[in-house]
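**Student:** Just dropping this structure here.
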Amino acid sequence: MPYPHLLRRPLRANVALAFVLTATAAAAQQLPPPPAAASAPSAVQPPARAASAARPRPAAAAAPSAAERIEITGGRNAEVDERRQSTAAKIIIGREEIDKFGDASVGEVLRRLPGVSTPGAPGRGGPPRLRGLGNGYTQLLIDGQRVPPGFSVESLTPEQVERIEILRAPTAETGSQAIAGTINIITREGFKRRLNDLRGGVSHENGKLTPGINWTHNDSAGDLTYNLSGSAFFPRRENTSTTRTTVSNVDSGALLEDRTATSVSDDKRFGMNLTSRLQWRLGGADAGGGDQLALTPSVFHTEATNSTRFSLVKQPSLRAGPDLYDHGDSIGDSRYTNARLALQWRQKVGPVRLEVNGGGGSFKSVSNSLRHEFGALSRVLEDHATVRESSVNLTFKGSGVAGGNDAGQGEHNLVSGAEIDASQRKESKSNLQNGVALLTDYGSNLQAQALRTAAYVQDEWAINPSWSTQAGLRWEGIHTQGDNGGVGVDPNPSNRSSVWTPLFHAVWKPDPKKRDQLRLSLTRSYRPPSLGTLIARPTINRDAPAPGPNGPSTPDTVGNPRLKPELASGIDLAFERYLDGGGVLSANLFHREISNLMRSELSATPVAVSWSPGANRYVRQMQNIGDATTSGLEMDAKFRLDQVFTGAPGVELRSNLSLYRSRVKTVPGPDNRLDQQAKATGNFGGDYRLRGLPLTLGGNVNWVPAYTTKTDVGQFTSVTGKRVWDAYALWTFSPTVALRLLGNNLLPRDYTNTTVSELPGLTGNERTTVAGTGASYINWALRLELKL
């Protein structure tokens, strides 16, 4: 099988582009700053909560002389300055940038940010991932707390978010379940003045209309400040896909089987979310120190229906394959509800700031499907599933400042805390084939649970104007209990493990009067198994019914209650240059050494299983397979064109490019990379408000190249590249009324995922190729934005 070098030309071109952008923006340091009239100051944003309660105090600046120019700036500059002053490396995206595209969900905002990628077809959302790594490597936080189980960022609207922080390396305070990094979404606090923000619109994709509305209300009453947010949406989508499966003899090349399955599905959904933040100032209006009590209740609910028509065409002149259907149809429905309540109490006791955070919640998911198949194999399949997952958490944190002079030099910001959270997952499933229950040996009710405890201490030390460090030590203990469904000697196997994670970050400013700085991070992090993978009830592949044989292209899947967490040791080294007026350039190198790698493994030969007596089956199961490494280079640039060329229009430019390498040591190369990690990802975009017109135009292109991953000896997965073009136009009628037109995925391309397995078969070694292709479409949206 050939392995084309998919990245040579695109990678060289993009590296050259990133180099040109960086060199061009760096030249801005040598040019005089643009005249003050060339840039309109941004509206000052309301204060936002930080992920950390303790930050180094910037050194006091000397008073400006009469000849010096003083600029008062806000908006973007605030985020850039906070990024610069943070000892741990982070990227901060504020309200101004979050609002620019008028995205319908936070997921759409995230996919344009540096180092963030989303799996799946172009233009479609998915769980955000940092550094191209798969599910579980990226820690997702809301207001510094881990997201509840089952939560999707697609449920959050940009109107509910104050800012987004991307931490490339873990800290003792934010947690070490972040091998790839952390995304912290800071929700909006209430404002004292009354404000209603109403946005409604409709989008169009492939002949289907999707209406939606978002509302945010802020107000105060005495010591209470509150924020209420709600949204409702009604997505409609039609999806088409084609999957071609071929089987050939490796030695002779003879084609043994060739079949093509096509499907057309119509998806209808209804979704709504309600969130609020109730914040009481403690001690009355004259009290200082920011003492407060806050409650944050939230409810997310979705309902969906799906109807699908499908068919299968086989080449009749080839080897007779398994009996399969000719055509059929299916219908399904699902409901999902996630409710949660979070509490935060902050109080200053003498020199110490105390903080308690707690929360609890649960989600329930119910799904039903009915599938009819007709032809050589005629059957009726019924699947019913109910999943309940609940969690509670409680954290205690104390922080304070020690030492230091009036300029903040030698100051220590000390933080220590303890955490505990528990989660439990219960699954109730039934599978029927022609009215006969399957997998009766495993029962219909299974569960898994996890208990995590943690303690940490962290010291942020502003040594002098040139050096700042942050050192921390974190301990986490994890106890998981799975479920074998009553099969085997140990029906409820459990694992206990503990992880010590020393963490160190340092910032060096060669010349404190300038804006260049170097960062170093030495960290340890880990990735725990999800509760769903700890439940061992198998899922039978519907294209190869049991009892009976199946093939490598139609394996069954089963959980593994004995999974252990992955551990990773890492280093990050970064250079940052901050431009006058809020621009920033950075380049970051990282490397991670991973042990106990978890990977979904396909059995090399059919194995005996309890659900298919008399006929062995191919099975896919998550396993700890050994060690791996991943490394990369991440570059991002954000600046205004008139910062580079005097007199140029004030076009805001944003670009980022990330290059990745990885190697799984137990799999021979080439292409023995980590699952789902592309070789690169990049974005290039800009915004400009036309002079003389209340019109703002903007656009962005997201690029992910094609790549091939070798998952085992003789097993490969290839994914086509993605180029997603987005654009918008915003007409501002008044400060309170605006109309926005958006175009997403303007040059749609089909998306193909190909899996190849070379394993022993009926005629010797056989190569099975499964290529699934899905169509993508342009999405147009028109939205009216009101501030009342």
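Residue numbering restarts at 1 for every chain of the structure tokens, chains are lettered A, B, ... in their displayed order, and ligands are numbered from 1 as they appear.
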May I have the residues within 12 Å of segment 330-337 of chain A as a short mmCIF file (atom, residue, chain, number, x, y, z; two decimals) with all heavy atoms, in the first residue's frame, using only C-alpha atoms and disregarding those fewer than 6 positions away in the same chain?
**Tutor:**
```cif
data_model
loop_
_atom_site.label_atom_id
_atom_site.label_comp_id
_atom_site.auth_asym_id
_atom_site.auth_seq_id
_atom_site.Cartn_x
_atom_site.Cartn_y
_atom_site.Cartn_z
N PRO A 149 -20.05 15.83 33.37
CA PRO A 149 -20.07 14.75 32.39
C PRO A 149 -21.20 14.94 31.38
O PRO A 149 -22.31 15.36 31.72
CB PRO A 149 -20.32 13.50 33.25
CG PRO A 149 -19.86 13.87 34.62
CD PRO A 149 -20.14 15.33 34.76
N GLY A 150 -20.90 14.64 30.13
CA GLY A 150 -21.89 14.74 29.08
C GLY A 150 -22.11 16.12 28.53
O GLY A 150 -22.88 16.31 27.59
N PHE A 151 -21.43 17.14 29.08
CA PHE A 151 -21.64 18.52 28.65
C PHE A 151 -20.94 18.77 27.31
O PHE A 151 -19.84 18.28 27.07
CB PHE A 151 -21.12 19.49 29.70
CG PHE A 151 -21.35 20.93 29.36
CD1 PHE A 151 -22.55 21.53 29.61
CD2 PHE A 151 -20.34 21.67 28.76
CE1 PHE A 151 -22.76 22.86 29.29
CE2 PHE A 151 -20.53 22.99 28.44
CZ PHE A 151 -21.75 23.59 28.70
N SER A 152 -21.57 19.55 26.45
CA SER A 152 -21.01 19.91 25.16
C SER A 152 -20.93 21.42 25.06
O SER A 152 -21.88 22.14 25.41
CB SER A 152 -21.87 19.36 24.01
OG SER A 152 -21.45 19.91 22.77
N SER A 155 -23.56 23.60 23.49
CA SER A 155 -24.73 24.06 24.24
C SER A 155 -24.58 25.50 24.72
O SER A 155 -25.57 26.13 25.10
CB SER A 155 -24.97 23.16 25.46
OG SER A 155 -25.12 21.81 25.08
N SER A 263 -26.51 6.20 2.16
CA SER A 263 -27.59 6.55 3.10
C SER A 263 -27.89 8.03 2.98
O SER A 263 -27.01 8.85 2.70
CB SER A 263 -27.20 6.21 4.54
OG SER A 263 -26.17 7.03 4.99
N VAL A 264 -29.15 8.36 3.20
CA VAL A 264 -29.62 9.74 3.26
C VAL A 264 -30.45 9.87 4.53
O VAL A 264 -31.41 9.12 4.72
CB VAL A 264 -30.47 10.11 2.03
CG1 VAL A 264 -30.97 11.55 2.14
CG2 VAL A 264 -29.68 9.93 0.74
N SER A 265 -30.06 10.79 5.40
CA SER A 265 -30.76 10.93 6.68
C SER A 265 -31.26 12.35 6.84
O SER A 265 -30.65 13.32 6.36
CB SER A 265 -29.84 10.56 7.84
OG SER A 265 -28.75 11.46 7.92
N ASP A 266 -32.38 12.47 7.52
CA ASP A 266 -33.00 13.75 7.82
C ASP A 266 -33.01 13.90 9.34
O ASP A 266 -33.66 13.11 10.05
CB ASP A 266 -34.41 13.79 7.24
CG ASP A 266 -35.07 15.15 7.44
OD1 ASP A 266 -34.34 16.13 7.65
OD2 ASP A 266 -36.31 15.22 7.42
N ASP A 267 -32.29 14.89 9.85
CA ASP A 267 -32.17 15.12 11.29
C ASP A 267 -32.94 16.36 11.68
O ASP A 267 -32.80 17.42 11.06
CB ASP A 267 -30.70 15.29 11.70
CG ASP A 267 -29.87 14.05 11.42
OD1 ASP A 267 -30.42 12.95 11.51
OD2 ASP A 267 -28.68 14.20 11.10
N LYS A 268 -33.73 16.23 12.74
CA LYS A 268 -34.47 17.36 13.30
C LYS A 268 -34.19 17.40 14.79
O LYS A 268 -34.26 16.38 15.47
CB LYS A 268 -35.97 17.21 13.06
CG LYS A 268 -36.36 17.20 11.59
CD LYS A 268 -37.87 17.03 11.43
CE LYS A 268 -38.26 17.00 9.97
NZ LYS A 268 -39.73 16.83 9.79
N ARG A 269 -33.88 18.60 15.29
CA ARG A 269 -33.58 18.75 16.70
C ARG A 269 -34.27 19.98 17.26
O ARG A 269 -34.57 20.93 16.53
CB ARG A 269 -32.07 18.88 16.93
CG ARG A 269 -31.25 17.65 16.63
CD ARG A 269 -29.77 17.93 16.79
NE ARG A 269 -29.47 18.41 18.12
CZ ARG A 269 -28.41 19.18 18.42
NH1 ARG A 269 -27.58 19.54 17.46
NH2 ARG A 269 -28.20 19.58 19.65
N PHE A 270 -34.50 19.94 18.54
CA PHE A 270 -34.91 21.11 19.30
C PHE A 270 -34.02 21.20 20.51
O PHE A 270 -33.80 20.19 21.21
CB PHE A 270 -36.37 21.01 19.74
CG PHE A 270 -36.71 21.96 20.87
CD1 PHE A 270 -36.80 23.32 20.63
CD2 PHE A 270 -36.89 21.49 22.16
CE1 PHE A 270 -37.08 24.20 21.67
CE2 PHE A 270 -37.17 22.37 23.20
CZ PHE A 270 -37.27 23.73 22.96
N GLY A 271 -33.47 22.36 20.78
CA GLY A 271 -32.60 22.51 21.92
C GLY A 271 -32.85 23.83 22.63
O GLY A 271 -33.27 24.82 22.02
N MET A 272 -32.62 23.84 23.91
CA MET A 272 -32.73 25.06 24.69
C MET A 272 -31.78 24.99 25.87
O MET A 272 -31.44 23.91 26.35
CB MET A 272 -34.16 25.27 25.20
CG MET A 272 -34.68 24.18 26.12
SD MET A 272 -36.27 24.59 26.87
CE MET A 272 -35.78 25.94 27.94
N ASN A 273 -31.33 26.16 26.32
CA ASN A 273 -30.54 26.19 27.54
C ASN A 273 -30.90 27.44 28.33
O ASN A 273 -31.22 28.50 27.77
CB ASN A 273 -29.04 26.11 27.25
CG ASN A 273 -28.52 27.33 26.52
OD1 ASN A 273 -28.52 28.43 27.06
ND2 ASN A 273 -28.04 27.13 25.29
N LEU A 274 -30.87 27.30 29.64
CA LEU A 274 -31.14 28.39 30.56
C LEU A 274 -30.03 28.41 31.60
O LEU A 274 -29.76 27.39 32.25
CB LEU A 274 -32.49 28.20 31.26
CG LEU A 274 -33.74 28.21 30.37
CD1 LEU A 274 -34.96 27.79 31.18
CD2 LEU A 274 -33.96 29.59 29.76
N SER A 298 -27.98 25.95 35.96
CA SER A 298 -28.06 25.83 34.50
C SER A 298 -28.82 24.57 34.13
O SER A 298 -28.76 23.56 34.84
CB SER A 298 -26.67 25.81 33.87
OG SER A 298 -25.91 24.72 34.34
N VAL A 299 -29.54 24.65 33.01
CA VAL A 299 -30.27 23.51 32.46
C VAL A 299 -30.07 23.52 30.96
O VAL A 299 -30.26 24.56 30.30
CB VAL A 299 -31.78 23.57 32.79
CG1 VAL A 299 -32.50 22.40 32.13
CG2 VAL A 299 -32.01 23.55 34.29
N PHE A 300 -29.71 22.36 30.40
CA PHE A 300 -29.57 22.19 28.96
C PHE A 300 -30.43 21.00 28.54
O PHE A 300 -30.38 19.94 29.17
CB PHE A 300 -28.10 21.93 28.57
CG PHE A 300 -27.16 23.02 28.98
CD1 PHE A 300 -26.55 23.01 30.23
CD2 PHE A 300 -26.89 24.08 28.13
CE1 PHE A 300 -25.69 24.00 30.62
CE2 PHE A 300 -26.03 25.09 28.51
CZ PHE A 300 -25.42 25.06 29.76
N HIS A 301 -31.19 21.19 27.48
CA HIS A 301 -32.09 20.13 27.05
C HIS A 301 -32.14 20.10 25.52
O HIS A 301 -32.23 21.14 24.87
CB HIS A 301 -33.50 20.36 27.60
CG HIS A 301 -34.49 19.34 27.14
ND1 HIS A 301 -34.54 18.06 27.66
CD2 HIS A 301 -35.46 19.38 26.18
CE1 HIS A 301 -35.50 17.38 27.06
NE2 HIS A 301 -36.07 18.15 26.16
N THR A 302 -32.07 18.88 24.95
CA THR A 302 -32.22 18.70 23.52
C THR A 302 -33.09 17.48 23.24
O THR A 302 -33.10 16.52 24.01
CB THR A 302 -30.86 18.49 22.80
OG1 THR A 302 -30.22 17.33 23.33
CG2 THR A 302 -29.97 19.70 22.97
N GLU A 303 -33.82 17.55 22.15
CA GLU A 303 -34.61 16.43 21.64
C GLU A 303 -34.32 16.30 20.15
O GLU A 303 -34.18 17.31 19.45
CB GLU A 303 -36.10 16.65 21.87
CG GLU A 303 -36.48 16.73 23.34
CD GLU A 303 -37.98 16.93 23.53
OE1 GLU A 303 -38.70 16.95 22.50
OE2 GLU A 303 -38.43 17.07 24.68
N ALA A 304 -34.22 15.08 19.68
CA ALA A 304 -33.86 14.87 18.28
C ALA A 304 -34.62 13.68 17.70
O ALA A 304 -34.91 12.71 18.41
CB ALA A 304 -32.35 14.63 18.15
N THR A 305 -34.93 13.78 16.42
CA THR A 305 -35.49 12.67 15.67
C THR A 305 -34.67 12.50 14.39
O THR A 305 -34.12 13.47 13.86
CB THR A 305 -36.96 12.90 15.31
OG1 THR A 305 -37.07 14.10 14.51
CG2 THR A 305 -37.81 13.05 16.56
N ASN A 306 -34.61 11.26 13.93
CA ASN A 306 -33.81 10.96 12.74
C ASN A 306 -34.52 9.90 11.92
O ASN A 306 -35.02 8.91 12.46
CB ASN A 306 -32.41 10.48 13.15
CG ASN A 306 -31.62 9.94 11.98
OD1 ASN A 306 -31.76 8.77 11.60
ND2 ASN A 306 -30.78 10.77 11.41
N SER A 307 -34.56 10.12 10.62
CA SER A 307 -35.06 9.10 9.70
C SER A 307 -34.04 8.92 8.58
O SER A 307 -33.50 9.89 8.06
CB SER A 307 -36.42 9.51 9.11
OG SER A 307 -36.32 10.72 8.40
N THR A 308 -33.76 7.67 8.25
CA THR A 308 -32.70 7.36 7.29
C THR A 308 -33.18 6.33 6.28
O THR A 308 -33.87 5.37 6.64
CB THR A 308 -31.46 6.81 8.02
OG1 THR A 308 -31.02 7.76 9.00
CG2 THR A 308 -30.31 6.54 7.05
N ARG A 309 -32.81 6.54 5.03
CA ARG A 309 -33.02 5.55 3.96
C ARG A 309 -31.65 5.09 3.49
O ARG A 309 -30.76 5.91 3.26
CB ARG A 309 -33.79 6.16 2.79
CG ARG A 309 -35.11 6.78 3.20
CD ARG A 309 -35.85 7.39 2.01
NE ARG A 309 -35.00 8.29 1.23
CZ ARG A 309 -34.80 9.56 1.53
NH1 ARG A 309 -35.34 10.07 2.62
NH2 ARG A 309 -34.04 10.32 0.77
N PHE A 310 -31.47 3.77 3.35
CA PHE A 310 -30.16 3.27 2.98
C PHE A 310 -30.29 2.11 2.00
O PHE A 310 -31.34 1.46 1.90
CB PHE A 310 -29.36 2.85 4.21
CG PHE A 310 -30.08 1.88 5.12
CD1 PHE A 310 -30.02 0.51 4.91
CD2 PHE A 310 -30.82 2.35 6.19
CE1 PHE A 310 -30.67 -0.37 5.74
CE2 PHE A 310 -31.47 1.48 7.04
CZ PHE A 310 -31.41 0.11 6.82
N SER A 311 -29.20 1.86 1.27
CA SER A 311 -29.17 0.76 0.30
C SER A 311 -27.76 0.22 0.22
O SER A 311 -26.79 0.88 0.61
CB SER A 311 -29.63 1.23 -1.08
OG SER A 311 -28.76 2.23 -1.59
N GLY A 361 -24.55 17.88 39.80
CA GLY A 361 -25.45 17.82 38.64
C GLY A 361 -25.51 16.43 38.07
O GLY A 361 -24.82 15.51 38.52
N SER A 362 -26.37 16.29 37.10
CA SER A 362 -26.51 14.99 36.44
C SER A 362 -27.06 15.20 35.04
O SER A 362 -27.63 16.25 34.72
CB SER A 362 -27.45 14.08 37.24
OG SER A 362 -28.76 14.62 37.26
N PHE A 363 -26.86 14.20 34.21
CA PHE A 363 -27.50 14.21 32.91
C PHE A 363 -28.18 12.87 32.68
O PHE A 363 -27.79 11.84 33.25
CB PHE A 363 -26.51 14.54 31.79
CG PHE A 363 -25.66 13.39 31.33
CD1 PHE A 363 -26.14 12.44 30.44
CD2 PHE A 363 -24.36 13.26 31.76
CE1 PHE A 363 -25.36 11.39 30.00
CE2 PHE A 363 -23.56 12.21 31.34
CZ PHE A 363 -24.06 11.26 30.45
N LYS A 364 -29.20 12.91 31.85
CA LYS A 364 -29.92 11.71 31.46
C LYS A 364 -30.09 11.73 29.95
O LYS A 364 -30.51 12.72 29.38
CB LYS A 364 -31.29 11.65 32.14
CG LYS A 364 -32.10 10.41 31.78
CD LYS A 364 -33.45 10.40 32.48
CE LYS A 364 -34.28 9.17 32.10
NZ LYS A 364 -35.61 9.17 32.77
N SER A 365 -29.75 10.60 29.36
CA SER A 365 -29.86 10.46 27.91
C SER A 365 -30.70 9.23 27.60
O SER A 365 -30.43 8.14 28.13
CB SER A 365 -28.48 10.32 27.28
OG SER A 365 -28.57 10.02 25.90
N VAL A 366 -31.71 9.40 26.78
CA VAL A 366 -32.60 8.31 26.37
C VAL A 366 -32.61 8.25 24.86
O VAL A 366 -32.83 9.27 24.19
CB VAL A 366 -34.03 8.50 26.91
CG1 VAL A 366 -34.93 7.37 26.45
CG2 VAL A 366 -34.03 8.61 28.42
N SER A 367 -32.37 7.07 24.29
CA SER A 367 -32.38 6.93 22.84
C SER A 367 -33.07 5.63 22.44
O SER A 367 -32.97 4.62 23.15
CB SER A 367 -30.96 6.95 22.28
OG SER A 367 -30.19 5.88 22.79
N ASN A 368 -33.78 5.69 21.32
CA ASN A 368 -34.48 4.54 20.77
C ASN A 368 -34.31 4.52 19.27
O ASN A 368 -34.31 5.58 18.62
CB ASN A 368 -35.98 4.61 21.10
CG ASN A 368 -36.27 4.75 22.58
OD1 ASN A 368 -36.18 3.81 23.34
ND2 ASN A 368 -36.59 5.98 23.00
N SER A 369 -34.14 3.35 18.71
CA SER A 369 -34.02 3.24 17.25
C SER A 369 -34.69 1.95 16.77
O SER A 369 -34.71 0.93 17.48
CB SER A 369 -32.55 3.25 16.81
OG SER A 369 -31.87 2.11 17.26
N LEU A 370 -35.24 2.03 15.58
CA LEU A 370 -35.90 0.90 14.93
C LEU A 370 -35.39 0.85 13.50
O LEU A 370 -35.54 1.81 12.74
CB LEU A 370 -37.41 1.07 14.96
CG LEU A 370 -38.24 -0.01 14.26
CD1 LEU A 370 -38.04 -1.36 14.94
CD2 LEU A 370 -39.72 0.38 14.24
N ARG A 371 -34.80 -0.29 13.11
CA ARG A 371 -34.16 -0.43 11.80
C ARG A 371 -34.74 -1.63 11.09
O ARG A 371 -34.79 -2.74 11.64
CB ARG A 371 -32.65 -0.58 11.98
CG ARG A 371 -31.85 -0.79 10.70
CD ARG A 371 -30.38 -0.98 11.04
NE ARG A 371 -29.56 -1.36 9.89
CZ ARG A 371 -28.83 -0.52 9.17
NH1 ARG A 371 -28.82 0.77 9.49
NH2 ARG A 371 -28.10 -0.94 8.15
N HIS A 372 -35.18 -1.42 9.85
CA HIS A 372 -35.70 -2.49 9.00
C HIS A 372 -34.73 -2.72 7.85
O HIS A 372 -34.32 -1.77 7.16
CB HIS A 372 -37.07 -2.13 8.41
CG HIS A 372 -38.15 -1.94 9.45
ND1 HIS A 372 -38.40 -0.73 10.03
CD2 HIS A 372 -39.03 -2.83 9.99
CE1 HIS A 372 -39.40 -0.85 10.89
NE2 HIS A 372 -39.80 -2.11 10.90
N GLU A 373 -34.35 -3.99 7.63
CA GLU A 373 -33.48 -4.36 6.52
C GLU A 373 -34.21 -5.39 5.66
O GLU A 373 -34.85 -6.31 6.18
CB GLU A 373 -32.17 -4.96 7.04
CG GLU A 373 -31.34 -3.97 7.84
CD GLU A 373 -30.06 -4.58 8.41
OE1 GLU A 373 -29.92 -5.82 8.31
OE2 GLU A 373 -29.23 -3.83 8.93
N PHE A 374 -34.07 -5.23 4.34
CA PHE A 374 -34.76 -6.10 3.40
C PHE A 374 -33.76 -6.62 2.38
O PHE A 374 -32.81 -5.95 2.00
CB PHE A 374 -35.89 -5.35 2.68
CG PHE A 374 -36.85 -4.65 3.62
CD1 PHE A 374 -36.71 -3.30 3.89
CD2 PHE A 374 -37.87 -5.36 4.23
CE1 PHE A 374 -37.58 -2.65 4.75
CE2 PHE A 374 -38.75 -4.73 5.10
CZ PHE A 374 -38.60 -3.37 5.35
N ARG A 379 -34.38 -8.42 8.43
CA ARG A 379 -34.47 -8.45 9.88
C ARG A 379 -34.94 -7.10 10.40
O ARG A 379 -34.92 -6.09 9.69
CB ARG A 379 -33.14 -8.83 10.51
CG ARG A 379 -32.01 -7.90 10.14
CD ARG A 379 -30.72 -8.28 10.83
NE ARG A 379 -29.63 -7.39 10.42
CZ ARG A 379 -28.46 -7.28 11.04
NH1 ARG A 379 -28.22 -8.04 12.10
NH2 ARG A 379 -27.54 -6.46 10.62
N VAL A 380 -35.33 -7.11 11.66
CA VAL A 380 -35.73 -5.91 12.37
C VAL A 380 -34.85 -5.78 13.60
O VAL A 380 -34.74 -6.71 14.41
CB VAL A 380 -37.22 -5.96 12.78
CG1 VAL A 380 -37.60 -4.71 13.56
CG2 VAL A 380 -38.11 -6.14 11.56
N LEU A 381 -34.19 -4.61 13.75
CA LEU A 381 -33.30 -4.36 14.88
C LEU A 381 -33.91 -3.25 15.74
O LEU A 381 -34.29 -2.19 15.23
CB LEU A 381 -31.91 -3.92 14.40
CG LEU A 381 -31.13 -4.93 13.55
CD1 LEU A 381 -29.84 -4.30 13.05
CD2 LEU A 381 -30.83 -6.19 14.36
N GLU A 382 -33.99 -3.50 17.03
CA GLU A 382 -34.47 -2.50 17.97
C GLU A 382 -33.42 -2.27 19.05
O GLU A 382 -32.90 -3.23 19.63
CB GLU A 382 -35.78 -2.95 18.64
CG GLU A 382 -36.95 -3.11 17.71
CD GLU A 382 -38.19 -3.56 18.46
OE1 GLU A 382 -38.71 -2.80 19.29
OE2 GLU A 382 -38.63 -4.71 18.23
N ASP A 383 -33.11 -1.02 19.29
CA ASP A 383 -32.14 -0.66 20.32
C ASP A 383 -32.76 0.40 21.23
O ASP A 383 -33.34 1.39 20.75
CB ASP A 383 -30.85 -0.10 19.72
CG ASP A 383 -30.11 -1.15 18.89
OD1 ASP A 383 -29.98 -2.28 19.36
OD2 ASP A 383 -29.68 -0.80 17.77
N HIS A 384 -32.64 0.17 22.53
CA HIS A 384 -33.13 1.12 23.52
C HIS A 384 -32.02 1.32 24.55
O HIS A 384 -31.42 0.35 25.03
CB HIS A 384 -34.39 0.61 24.22
CG HIS A 384 -35.47 0.20 23.26
ND1 HIS A 384 -36.34 1.11 22.69
CD2 HIS A 384 -35.81 -1.02 22.76
CE1 HIS A 384 -37.18 0.47 21.89
NE2 HIS A 384 -36.88 -0.83 21.91
N ALA A 385 -31.75 2.57 24.90
CA ALA A 385 -30.68 2.85 25.85
C ALA A 385 -31.05 4.04 26.73
O ALA A 385 -31.60 5.03 26.24
CB ALA A 385 -29.37 3.13 25.13
N THR A 386 -30.74 3.91 27.99
CA THR A 386 -30.87 5.01 28.94
C THR A 386 -29.56 5.12 29.71
O THR A 386 -29.08 4.14 30.27
CB THR A 386 -32.02 4.77 29.92
OG1 THR A 386 -33.25 4.66 29.20
CG2 THR A 386 -32.13 5.93 30.91
N VAL A 387 -28.98 6.30 29.70
CA VAL A 387 -27.72 6.54 30.39
C VAL A 387 -27.94 7.67 31.39
O VAL A 387 -28.47 8.73 31.04
CB VAL A 387 -26.60 6.92 29.41
CG1 VAL A 387 -25.31 7.25 30.17
CG2 VAL A 387 -26.36 5.80 28.41
N ARG A 388 -27.54 7.42 32.61
CA ARG A 388 -27.58 8.44 33.66
C ARG A 388 -26.17 8.60 34.22
O ARG A 388 -25.52 7.61 34.55
CB ARG A 388 -28.54 8.04 34.78
CG ARG A 388 -30.00 7.98 34.38
CD ARG A 388 -30.85 7.58 35.58
NE ARG A 388 -32.27 7.60 35.29
CZ ARG A 388 -32.94 6.57 34.78
NH1 ARG A 388 -32.28 5.45 34.49
NH2 ARG A 388 -34.24 6.67 34.54
N GLU A 389 -25.74 9.83 34.32
CA GLU A 389 -24.43 10.09 34.91
C GLU A 389 -24.55 11.30 35.82
O GLU A 389 -25.10 12.33 35.43
CB GLU A 389 -23.37 10.33 33.83
CG GLU A 389 -21.97 10.32 34.39
CD GLU A 389 -20.91 10.12 33.32
OE1 GLU A 389 -21.18 9.45 32.31
OE2 GLU A 389 -19.79 10.62 33.53
N SER A 390 -24.08 11.16 37.05
CA SER A 390 -24.16 12.24 38.03
C SER A 390 -22.79 12.48 38.64
O SER A 390 -21.93 11.59 38.66
CB SER A 390 -25.17 11.90 39.13
OG SER A 390 -24.82 10.68 39.77
#
```
**Student:** Give me, please, the distance in Å between atom CA of Gly692 of chain A and atom CA of Arg654 of chain A, quoted to one decimal.
**Tutor:** 24.0 Å
**Student:** Using only C-alpha atoms, determine which residues lie at most 6 Å from segment 532-542 of chain A, disregarding the query and same-chain residues fewer than 6 positions distant; provide the list as a ChimeraX atom specification.
**Tutor:** /A:482-484,554,556-561
**Student:** Suppose we keep N, CA and C atoms; can you now write the selection as a compact mmCIF listing (two decimals), in the first residue's frame?
**Tutor:**
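And here is the file that came out, again.txt:
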```txt
# COMPACT_ATOMS: atom_id res chain seq x y z
N GLY A 482 -15.17 -0.53 37.46
CA GLY A 482 -15.88 -0.83 36.23
C GLY A 482 -16.94 -1.90 36.43
N ASP A 483 -17.42 -2.43 35.32
CA ASP A 483 -18.49 -3.43 35.37
C ASP A 483 -18.31 -4.40 34.22
N ASN A 484 -18.10 -5.68 34.56
CA ASN A 484 -17.96 -6.73 33.56
C ASN A 484 -19.31 -7.35 33.18
N THR A 554 -15.96 -5.02 10.26
CA THR A 554 -17.20 -5.00 11.03
C THR A 554 -16.97 -5.58 12.43
N ASP A 556 -16.92 -6.02 16.57
CA ASP A 556 -17.69 -5.64 17.75
C ASP A 556 -16.81 -4.76 18.64
N THR A 557 -17.42 -4.02 19.54
CA THR A 557 -16.65 -3.20 20.48
C THR A 557 -17.05 -3.58 21.91
N VAL A 558 -16.08 -3.46 22.81
CA VAL A 558 -16.33 -3.81 24.20
C VAL A 558 -15.45 -2.93 25.08
N GLY A 559 -15.95 -2.56 26.27
CA GLY A 559 -15.18 -1.75 27.20
C GLY A 559 -14.14 -2.56 27.94
N ASN A 560 -13.34 -1.86 28.74
CA ASN A 560 -12.26 -2.51 29.49
C ASN A 560 -12.24 -1.93 30.91
N PRO A 561 -12.78 -2.66 31.89
CA PRO A 561 -12.82 -2.14 33.26
C PRO A 561 -11.45 -2.02 33.92
```
**Student:** From the set A:Pro735, A:Gly102, A:Pro529, A:Pro547, which residue has the shortest atom-to-atom contact distance to Leu438 of chain A, counting only C-alpha atoms?
**Tutor:**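 Of A:Pro735, A:Gly102, A:Pro529, A:Pro547, the one nearest Leu438 of chain A is A:Pro547, counting only C-alpha atoms.
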